[in-house]
file my_file.cif (mmCIF, C-alpha atoms)
data_entry
#
loop_
_atom_site.group_PDB
_atom_site.id
_atom_site.type_symbol
_atom_site.label_atom_id
_atom_site.label_comp_id
_atom_site.auth_asym_id
_atom_site.auth_seq_id
_atom_site.Cartn_x
_atom_site.Cartn_y
_atom_site.Cartn_z
ATOM 1 C CA MET A 1 180.715 122.315 317.316
ATOM 2 C CA ILE A 2 180.094 123.659 313.820
ATOM 3 C CA ARG A 3 181.901 126.539 312.147
ATOM 4 C CA VAL A 4 179.907 128.686 309.744
ATOM 5 C CA THR A 5 181.693 131.098 307.403
ATOM 6 C CA ARG A 6 180.253 134.022 305.499
ATOM 7 C CA LYS A 7 182.206 135.983 302.904
ATOM 8 C CA LEU A 8 182.012 139.663 301.983
ATOM 9 C CA GLU A 9 183.996 141.586 299.401
ATOM 10 C CA PHE A 10 184.746 145.247 299.686
ATOM 11 C CA SER A 11 187.004 147.587 297.760
ATOM 12 C CA ALA A 12 188.957 150.330 299.458
ATOM 13 C CA ALA A 13 191.963 152.592 299.143
ATOM 14 C CA HIS A 14 194.832 152.944 301.593
ATOM 15 C CA PHE A 15 198.501 153.734 301.960
ATOM 16 C CA TYR A 16 201.042 153.185 304.711
ATOM 17 C CA HIS A 17 202.665 156.152 306.386
ATOM 18 C CA ASN A 18 203.821 156.666 309.951
ATOM 19 C CA PRO A 19 204.365 160.331 310.900
ATOM 20 C CA ASN A 20 206.866 159.198 313.566
ATOM 21 C CA PHE A 21 209.201 158.003 310.807
ATOM 22 C CA SER A 22 211.247 160.164 308.459
ATOM 23 C CA ALA A 23 210.298 160.227 304.775
ATOM 24 C CA GLU A 24 213.283 157.963 304.119
ATOM 25 C CA GLU A 25 212.246 155.464 306.834
ATOM 26 C CA ASN A 26 208.668 155.435 305.546
ATOM 27 C CA ARG A 27 209.924 154.590 302.065
ATOM 28 C CA ARG A 28 212.310 151.933 303.343
ATOM 29 C CA ILE A 29 209.815 150.215 305.670
ATOM 30 C CA PHE A 30 206.642 150.498 303.600
ATOM 31 C CA GLY A 31 208.027 150.457 300.043
ATOM 32 C CA LYS A 32 205.509 151.224 297.356
ATOM 33 C CA CYS A 33 202.671 151.019 299.912
ATOM 34 C CA ASN A 34 203.982 154.413 301.080
ATOM 35 C CA ASN A 35 202.853 156.183 297.873
ATOM 36 C CA PRO A 36 200.953 159.169 299.339
ATOM 37 C CA HIS A 37 198.351 159.073 296.576
ATOM 38 C CA GLY A 38 197.209 155.716 297.893
ATOM 39 C CA HIS A 39 196.308 152.525 296.094
ATOM 40 C CA GLY A 40 193.498 150.026 296.491
ATOM 41 C CA HIS A 41 192.513 146.423 296.901
ATOM 42 C CA ASN A 42 189.541 144.161 296.477
ATOM 43 C CA TYR A 43 189.452 142.889 300.022
ATOM 44 C CA VAL A 44 187.780 139.603 300.806
ATOM 45 C CA LEU A 45 186.501 139.171 304.337
ATOM 46 C CA GLU A 46 185.688 135.733 305.736
ATOM 47 C CA VAL A 47 183.883 135.707 309.053
ATOM 48 C CA THR A 48 183.596 132.408 310.907
ATOM 49 C CA VAL A 49 181.133 131.827 313.733
ATOM 50 C CA ALA A 50 181.340 128.680 315.850
ATOM 51 C CA GLY A 51 178.603 127.042 317.848
ATOM 52 C CA GLU A 52 176.112 124.242 318.200
ATOM 53 C CA PRO A 53 173.184 124.242 315.764
ATOM 54 C CA ASP A 54 169.860 125.116 317.381
ATOM 55 C CA PRO A 55 167.937 121.812 317.389
ATOM 56 C CA ALA A 56 164.747 123.548 316.242
ATOM 57 C CA THR A 57 166.202 125.471 313.284
ATOM 58 C CA GLY A 58 169.276 123.375 312.517
ATOM 59 C CA MET A 59 171.301 126.587 312.356
ATOM 60 C CA VAL A 60 174.185 127.976 314.426
ATOM 61 C CA LEU A 61 172.905 131.412 313.466
ATOM 62 C CA ASP A 62 170.769 132.857 310.722
ATOM 63 C CA LEU A 63 173.179 133.661 307.879
ATOM 64 C CA LYS A 64 170.838 136.400 306.714
ATOM 65 C CA GLU A 65 171.376 138.121 310.079
ATOM 66 C CA LEU A 66 175.133 137.679 309.730
ATOM 67 C CA LYS A 67 174.956 139.097 306.202
ATOM 68 C CA ASP A 68 173.114 142.159 307.527
ATOM 69 C CA ILE A 69 175.632 142.614 310.350
ATOM 70 C CA LEU A 70 178.541 142.442 307.862
ATOM 71 C CA GLN A 71 176.811 144.946 305.618
ATOM 72 C CA ARG A 72 176.229 147.412 308.476
ATOM 73 C CA GLU A 73 179.476 146.991 310.385
ATOM 74 C CA VAL A 74 181.935 146.444 307.529
ATOM 75 C CA ALA A 75 180.621 147.245 304.056
ATOM 76 C CA ASP A 76 178.873 150.476 305.074
ATOM 77 C CA ARG A 77 182.037 151.612 306.868
ATOM 78 C CA MET A 78 184.762 150.458 304.481
ATOM 79 C CA ASP A 79 183.448 149.702 300.991
ATOM 80 C CA HIS A 80 184.618 152.277 298.446
ATOM 81 C CA ARG A 81 186.272 154.307 301.208
ATOM 82 C CA HIS A 82 189.776 155.521 301.853
ATOM 83 C CA LEU A 83 190.778 153.566 304.947
ATOM 84 C CA ASN A 84 193.304 156.178 306.113
ATOM 85 C CA TYR A 85 190.770 159.016 306.154
ATOM 86 C CA GLU A 86 187.255 157.674 306.331
ATOM 87 C CA VAL A 87 187.188 154.889 308.899
ATOM 88 C CA PRO A 88 187.385 156.328 312.438
ATOM 89 C CA GLU A 89 188.209 152.913 313.949
ATOM 90 C CA LEU A 90 191.437 152.880 311.913
ATOM 91 C CA ALA A 91 192.419 156.458 312.791
ATOM 92 C CA GLY A 92 196.018 156.616 313.965
ATOM 93 C CA LYS A 93 196.654 153.030 312.821
ATOM 94 C CA ILE A 94 198.460 151.817 309.726
ATOM 95 C CA PRO A 95 195.672 150.151 307.706
ATOM 96 C CA THR A 96 197.437 146.817 307.191
ATOM 97 C CA CYS A 97 195.348 143.682 306.815
ATOM 98 C CA GLU A 98 196.378 142.782 310.408
ATOM 99 C CA ASN A 99 194.888 146.014 311.748
ATOM 100 C CA ILE A 100 191.819 145.792 309.495
ATOM 101 C CA ALA A 101 191.175 142.244 310.770
ATOM 102 C CA ALA A 102 191.576 143.385 314.391
ATOM 103 C CA VAL A 103 189.195 146.334 313.882
ATOM 104 C CA ILE A 104 186.607 144.098 312.209
ATOM 105 C CA TRP A 105 186.923 141.593 315.083
ATOM 106 C CA ARG A 106 186.219 144.368 317.623
ATOM 107 C CA LEU A 107 183.237 145.590 315.584
ATOM 108 C CA LEU A 108 181.689 142.156 315.118
ATOM 109 C CA GLU A 109 182.344 140.421 318.421
ATOM 110 C CA PRO A 110 179.619 142.239 320.389
ATOM 111 C CA ARG A 111 177.143 141.819 317.507
ATOM 112 C CA ILE A 112 177.373 138.030 317.319
ATOM 113 C CA THR A 113 174.806 136.845 319.825
ATOM 114 C CA LYS A 114 174.281 133.295 318.557
ATOM 115 C CA GLY A 115 177.400 131.162 318.509
ATOM 116 C CA ARG A 116 180.681 133.003 319.046
ATOM 117 C CA LEU A 117 183.008 134.771 316.691
ATOM 118 C CA ASP A 118 185.719 132.253 315.838
ATOM 119 C CA ARG A 119 187.845 133.904 313.176
ATOM 120 C CA VAL A 120 188.051 137.027 311.057
ATOM 121 C CA ARG A 121 190.137 136.564 307.919
ATOM 122 C CA VAL A 122 190.960 139.509 305.673
ATOM 123 C CA TYR A 123 192.453 138.847 302.245
ATOM 124 C CA GLU A 124 194.240 141.847 300.789
ATOM 125 C CA SER A 125 194.987 139.750 297.713
ATOM 126 C CA PRO A 126 194.631 136.021 297.019
ATOM 127 C CA ASP A 127 198.230 135.597 298.215
ATOM 128 C CA LEU A 128 198.099 137.612 301.437
ATOM 129 C CA PHE A 129 195.707 137.450 304.347
ATOM 130 C CA ALA A 130 195.521 138.107 308.078
ATOM 131 C CA ASP A 131 193.598 136.028 310.627
ATOM 132 C CA CYS A 132 192.266 137.421 313.880
ATOM 133 C CA THR A 133 191.159 134.918 316.519
ATOM 134 C CA ALA A 134 190.670 134.928 320.274
ATOM 135 C CA GLU A 135 193.951 134.489 322.144
ATOM 136 C CA PRO A 136 193.841 130.761 323.047
ATOM 137 C CA ASN A 137 194.575 131.242 326.752
ATOM 138 C CA GLY A 138 192.549 134.449 326.885
ATOM 139 C CA ALA A 139 195.450 136.586 328.070
ATOM 140 C CA GLY A 140 198.438 138.446 326.693
ATOM 141 C CA GLY A 141 199.424 139.061 323.100
ATOM 142 C CA SER A 142 196.692 141.650 322.707
ATOM 143 C CA ALA A 143 196.982 143.558 319.459
ATOM 144 C CA MET B 1 183.806 142.144 327.290
ATOM 145 C CA SER B 2 186.174 142.037 324.358
ATOM 146 C CA GLY B 3 189.007 139.628 325.184
ATOM 147 C CA ALA B 4 192.580 139.416 323.988
ATOM 148 C CA ILE B 5 193.050 138.655 320.323
ATOM 149 C CA LYS B 6 195.720 136.942 318.302
ATOM 150 C CA LEU B 7 196.844 137.995 314.821
ATOM 151 C CA SER B 8 198.519 135.917 312.172
ATOM 152 C CA LEU B 9 199.584 136.698 308.652
ATOM 153 C CA THR B 10 199.627 134.221 305.785
ATOM 154 C CA ARG B 11 201.496 134.644 302.541
ATOM 155 C CA ARG B 12 201.333 132.328 299.537
ATOM 156 C CA TYR B 13 204.416 131.513 297.451
ATOM 157 C CA ARG B 14 204.934 129.259 294.470
ATOM 158 C CA PHE B 15 207.610 127.014 293.079
ATOM 159 C CA ALA B 16 207.676 124.396 290.349
ATOM 160 C CA ALA B 17 209.725 121.257 290.831
ATOM 161 C CA SER B 18 209.999 117.648 289.824
ATOM 162 C CA HIS B 19 210.194 114.628 292.086
ATOM 163 C CA ARG B 20 209.849 110.891 292.133
ATOM 164 C CA LEU B 21 208.342 108.818 294.926
ATOM 165 C CA TYR B 22 210.579 105.814 295.426
ATOM 166 C CA SER B 23 212.076 104.241 298.533
ATOM 167 C CA PRO B 24 215.040 101.880 298.413
ATOM 168 C CA ALA B 25 213.678 100.340 301.626
ATOM 169 C CA PHE B 26 210.981 98.629 299.555
ATOM 170 C CA SER B 27 211.162 96.110 296.715
ATOM 171 C CA GLU B 28 210.431 97.236 293.156
ATOM 172 C CA GLU B 29 207.062 95.553 293.394
ATOM 173 C CA GLU B 30 206.235 97.279 296.718
ATOM 174 C CA ASN B 31 207.329 100.637 295.297
ATOM 175 C CA ARG B 32 205.028 100.163 292.338
ATOM 176 C CA ARG B 33 202.149 99.181 294.585
ATOM 177 C CA LEU B 34 202.727 102.049 297.059
ATOM 178 C CA TYR B 35 203.580 104.930 294.781
ATOM 179 C CA GLY B 36 201.944 103.958 291.485
ATOM 180 C CA LYS B 37 202.644 106.407 288.687
ATOM 181 C CA CYS B 38 204.393 108.768 291.133
ATOM 182 C CA GLY B 39 207.248 106.245 291.019
ATOM 183 C CA ASN B 40 207.967 106.732 287.320
ATOM 184 C CA PRO B 41 211.800 106.621 287.237
ATOM 185 C CA HIS B 42 212.020 109.714 285.047
ATOM 186 C CA GLY B 43 210.137 111.794 287.616
ATOM 187 C CA HIS B 44 207.246 114.202 287.181
ATOM 188 C CA GLY B 45 206.509 117.703 288.422
ATOM 189 C CA HIS B 46 204.064 120.001 290.158
ATOM 190 C CA ASN B 47 203.340 123.677 290.580
ATOM 191 C CA TYR B 48 203.576 123.789 294.344
ATOM 192 C CA VAL B 49 201.910 126.505 296.409
ATOM 193 C CA VAL B 50 203.433 127.197 299.817
ATOM 194 C CA GLU B 51 201.338 129.008 302.423
ATOM 195 C CA VAL B 52 203.427 130.392 305.260
ATOM 196 C CA THR B 53 201.635 131.577 308.410
ATOM 197 C CA ILE B 54 203.411 133.685 311.016
ATOM 198 C CA SER B 55 201.990 135.111 314.212
ATOM 199 C CA GLY B 56 202.895 137.540 316.938
ATOM 200 C CA PRO B 57 202.076 140.945 318.330
ATOM 201 C CA VAL B 58 201.282 143.652 315.798
ATOM 202 C CA ASP B 59 203.968 146.348 315.900
ATOM 203 C CA PRO B 60 202.021 149.551 316.611
ATOM 204 C CA GLU B 61 204.475 151.586 314.534
ATOM 205 C CA THR B 62 204.073 149.515 311.365
ATOM 206 C CA GLY B 63 200.722 147.776 311.911
ATOM 207 C CA MET B 64 202.422 144.503 310.986
ATOM 208 C CA VAL B 65 203.097 141.081 312.502
ATOM 209 C CA ALA B 66 206.210 141.113 310.307
ATOM 210 C CA ASN B 67 207.244 143.143 307.327
ATOM 211 C CA LEU B 68 206.858 141.306 304.036
ATOM 212 C CA GLY B 69 210.070 143.074 303.082
ATOM 213 C CA GLU B 70 211.726 140.646 305.527
ATOM 214 C CA LEU B 71 209.537 137.555 305.077
ATOM 215 C CA ASP B 72 209.639 137.483 301.260
ATOM 216 C CA PRO B 73 213.437 137.422 300.909
ATOM 217 C CA PHE B 74 213.709 134.906 303.790
ATOM 218 C CA VAL B 75 211.346 132.511 301.991
ATOM 219 C CA GLU B 76 212.944 133.288 298.647
ATOM 220 C CA ARG B 77 216.423 132.381 299.925
ATOM 221 C CA GLY B 78 215.357 129.437 302.098
ATOM 222 C CA ILE B 79 212.771 127.775 299.861
ATOM 223 C CA ILE B 80 212.176 129.237 296.430
ATOM 224 C CA GLU B 81 215.797 129.503 295.273
ATOM 225 C CA PRO B 82 216.777 125.978 296.361
ATOM 226 C CA PHE B 83 213.482 124.293 295.284
ATOM 227 C CA ASP B 84 212.218 126.138 292.199
ATOM 228 C CA HIS B 85 212.860 124.371 288.897
ATOM 229 C CA ARG B 86 214.811 121.619 290.625
ATOM 230 C CA TYR B 87 214.626 117.857 290.796
ATOM 231 C CA LEU B 88 213.949 117.556 294.524
ATOM 232 C CA ASN B 89 215.258 113.986 294.900
ATOM 233 C CA GLU B 90 218.724 114.930 293.671
ATOM 234 C CA GLU B 91 219.113 118.654 294.173
ATOM 235 C CA VAL B 92 217.828 119.158 297.718
ATOM 236 C CA ALA B 93 220.153 117.304 300.069
ATOM 237 C CA GLU B 94 217.429 116.357 302.604
ATOM 238 C CA PHE B 95 215.502 114.415 299.957
ATOM 239 C CA ARG B 96 218.421 112.155 299.223
ATOM 240 C CA GLU B 97 217.638 110.697 302.664
ATOM 241 C CA CYS B 98 213.840 110.706 302.592
ATOM 242 C CA VAL B 99 211.119 110.397 299.963
ATOM 243 C CA PRO B 100 209.998 113.852 298.747
ATOM 244 C CA THR B 101 206.316 113.299 299.425
ATOM 245 C CA SER B 102 204.379 116.476 300.047
ATOM 246 C CA GLU B 103 204.264 115.521 303.734
ATOM 247 C CA ASN B 104 208.068 115.474 303.879
ATOM 248 C CA ILE B 105 208.385 118.620 301.740
ATOM 249 C CA CYS B 106 205.970 120.402 304.081
ATOM 250 C CA ARG B 107 207.960 119.382 307.152
ATOM 251 C CA GLU B 108 211.259 120.353 305.532
ATOM 252 C CA ILE B 109 209.901 123.788 304.596
ATOM 253 C CA TYR B 110 208.676 124.247 308.181
ATOM 254 C CA ARG B 111 212.137 123.301 309.466
ATOM 255 C CA ARG B 112 213.851 125.720 307.102
ATOM 256 C CA LEU B 113 211.550 128.616 307.952
ATOM 257 C CA GLY B 114 211.620 128.003 311.715
ATOM 258 C CA GLY B 115 214.497 130.440 312.097
ATOM 259 C CA PHE B 116 212.536 133.436 310.816
ATOM 260 C CA PRO B 117 213.630 136.070 313.300
ATOM 261 C CA ALA B 118 210.782 138.599 313.107
ATOM 262 C CA ALA B 119 207.760 136.474 314.105
ATOM 263 C CA ARG B 120 206.737 133.011 315.204
ATOM 264 C CA LEU B 121 206.255 130.419 312.477
ATOM 265 C CA GLU B 122 202.734 129.156 313.006
ATOM 266 C CA ARG B 123 202.090 126.786 310.119
ATOM 267 C CA VAL B 124 203.219 125.691 306.684
ATOM 268 C CA ARG B 125 200.619 124.435 304.240
ATOM 269 C CA ILE B 126 201.500 123.244 300.771
ATOM 270 C CA GLU B 127 199.311 122.487 297.797
ATOM 271 C CA GLU B 128 200.804 119.872 295.521
ATOM 272 C CA THR B 129 197.855 120.277 293.155
ATOM 273 C CA SER B 130 194.597 122.133 293.618
ATOM 274 C CA ASN B 131 193.153 118.866 294.971
ATOM 275 C CA ASN B 132 195.867 117.920 297.493
ATOM 276 C CA SER B 133 197.117 120.002 300.381
ATOM 277 C CA PHE B 134 199.256 119.286 303.431
ATOM 278 C CA GLU B 135 199.779 121.202 306.668
ATOM 279 C CA PHE B 136 202.406 121.116 309.368
ATOM 280 C CA ALA B 137 202.373 123.198 312.540
ATOM 281 C CA GLY B 138 205.225 121.596 314.472
ATOM 282 C CA GLU B 139 205.378 118.366 316.411
ATOM 283 C CA CYS B 140 202.936 118.360 319.287
ATOM 284 C CA GLY B 141 204.801 118.437 322.580
ATOM 285 C CA THR B 142 208.296 118.720 321.105
ATOM 286 C CA SER B 143 208.464 122.449 320.533
ATOM 287 C CA SER B 144 206.958 125.713 321.680
ATOM 288 C CA GLU B 145 204.001 124.745 319.512
ATOM 289 C CA GLY B 146 203.089 122.694 322.571
ATOM 290 C CA MET B 147 199.558 121.443 322.778
ATOM 291 C CA ARG B 148 198.025 123.757 320.245
#
call {"tool": "encode", "arguments": {"input": "my_file.cif", "output": "structure tokens"}}
result
Amino acid sequence: MIRVTRKLEFSAAHFYHNPNFSAEENRRIFGKCNNPHGHGHNYVLEVTVAGEPDPATGMVLDLKELKDILQREVADRMDHRHLNYEVPELAGKIPTCENIAAVIWRLLEPRITKGRLDRVRVYESPDLFADCTAEPNGAGGSA
Amino acid sequence: MSGAIKLSLTRRYRFAASHRLYSPAFSEEENRRLYGKCGNPHGHGHNYVVEVTISGPVDPETGMVANLGELDPFVERGIIEPFDHRYLNEEVAEFRECVPTSENICREIYRRLGGFPAARLERVRIEETSNNSFEFAGECGTSSEGMR
């Protein structure tokens, strides 16, 4: 099996706020990420697809197709957007890199028809990233 | 068709420390042959990078596997404070008993972080230099890491 990874950068704004918490709890739990004016990141997305190379083409999948899928499903939705207000898939969720990775997984999984989606990694900064993968035993732990 | 998913979070930390690779179990000649310039008796140092990966269900109220407000101070107290700007061979008790290779440092960091209460410790990966990195995800079959 071969793993193929394609990278995409997008820039977006967000902030963390849960209306179920008091203002004081929001500040305590989310710290400066709670600033209601928002802040932004240069996110780096790494999408890994696993599979056997097609003997005729030598490719697991056509990276140009993957690039187009990432553009449509991720960049068009999230690049230069405010994640709290402009991405319906994140509505009602705190836009942490865990939740962004999970949303991107759900968006991409049905679109990958050659090979299978192996991992979605979302870097919020070079020192912080979330990985979304299939649950190894296929049950429980659903996010 | 969409199956269950698993989320993990990885955070990178840094510390700078000195060490010397030398084992009293070997002769001077064997030490020189095994460890080369890493055995220089005066020691040498690295800017270590520590990648800590935790996993678990995402709390729907916070959107997080674990709050960095808890992970950062846990790593700071457990690893950065005792290791940063130290001579590992002398100043970290565990390395008086074993050679502070990056393999052993990685395993010791994993052991120290295993008690993190808010999520499961998945993996520790350390970079000794930008060319060398080491990973430990628990002993296969001896912990809940199981057969992963």
call {"tool": "atom_distance", "arguments": {"input": "my_file.cif", "atom1": "CA of Thr62 in chain B", "atom2": "CA of Ile94 in chain A"}}
result
6.3 Å
call {"tool": "atom_distance", "arguments": {"input": "my_file.cif", "atom1": "CA of Glu109 in chain A", "atom2": "CA of Thr133 in chain A"}}
result
10.6 Å
call {"tool": "atom_distance", "arguments": {"input": "my_file.cif", "atom1": "CA of Pro95 in chain A", "atom2": "CA of Val50 in chain B"}}
result
25.5 Å
call {"tool": "resolve_selection", "arguments": {"input": "my_file.cif", "expression": "the PyMOL selection byres ((chain A) within 9 of (chain B))", "output": "ChimeraX atom specification"}}
result
/A:16-18,20-21,29-31,93-99,101-102,105-106,109-110,126-143
call {"tool": "closest_residue", "arguments": {"input": "my_file.cif", "among": "B:Phe136, B:Glu28, B:Glu122, B:Pro41", "to": "Ile105 in chain B", "atoms": "all atoms listed in the file"}}
result
B:Phe136
call {"tool": "residues_around", "arguments": {"input": "my_file.cif", "residues": "range 81-93 of chain B", "least_positions_apart": "3", "cutoff": "7 Å", "atoms": "only C-alpha atoms", "output": "JSON, numbers by chain"}}
result
{"B": [15, 16, 17, 18, 19, 20, 76, 77, 78, 96, 100]}
call {"tool": "resolve_selection", "arguments": {"input": "my_file.cif", "expression": "the PyMOL selection byres ((chain A and resi 57-69) around 12)", "output": "compact mmCIF listing (two decimals) with C-alpha atoms, in the coordinates of the input"}}
result
# COMPACT_ATOMS: atom_id res chain seq x y z
CA MET A 1 180.72 122.32 317.32
CA ILE A 2 180.09 123.66 313.82
CA ARG A 3 181.90 126.54 312.15
CA VAL A 4 179.91 128.69 309.74
CA THR A 5 181.69 131.10 307.40
CA ARG A 6 180.25 134.02 305.50
CA LYS A 7 182.21 135.98 302.90
CA LEU A 8 182.01 139.66 301.98
CA GLU A 9 184.00 141.59 299.40
CA LEU A 45 186.50 139.17 304.34
CA GLU A 46 185.69 135.73 305.74
CA VAL A 47 183.88 135.71 309.05
CA THR A 48 183.60 132.41 310.91
CA VAL A 49 181.13 131.83 313.73
CA ALA A 50 181.34 128.68 315.85
CA GLY A 51 178.60 127.04 317.85
CA GLU A 52 176.11 124.24 318.20
CA PRO A 53 173.18 124.24 315.76
CA ASP A 54 169.86 125.12 317.38
CA PRO A 55 167.94 121.81 317.39
CA ALA A 56 164.75 123.55 316.24
CA LEU A 70 178.54 142.44 307.86
CA GLN A 71 176.81 144.95 305.62
CA ARG A 72 176.23 147.41 308.48
CA GLU A 73 179.48 146.99 310.38
CA VAL A 74 181.94 146.44 307.53
CA ALA A 75 180.62 147.24 304.06
CA ASP A 76 178.87 150.48 305.07
CA ARG A 77 182.04 151.61 306.87
CA ILE A 104 186.61 144.10 312.21
CA LEU A 107 183.24 145.59 315.58
CA LEU A 108 181.69 142.16 315.12
CA GLU A 109 182.34 140.42 318.42
CA PRO A 110 179.62 142.24 320.39
CA ARG A 111 177.14 141.82 317.51
CA ILE A 112 177.37 138.03 317.32
CA THR A 113 174.81 136.84 319.82
CA LYS A 114 174.28 133.29 318.56
CA GLY A 115 177.40 131.16 318.51
CA ARG A 116 180.68 133.00 319.05
CA LEU A 117 183.01 134.77 316.69
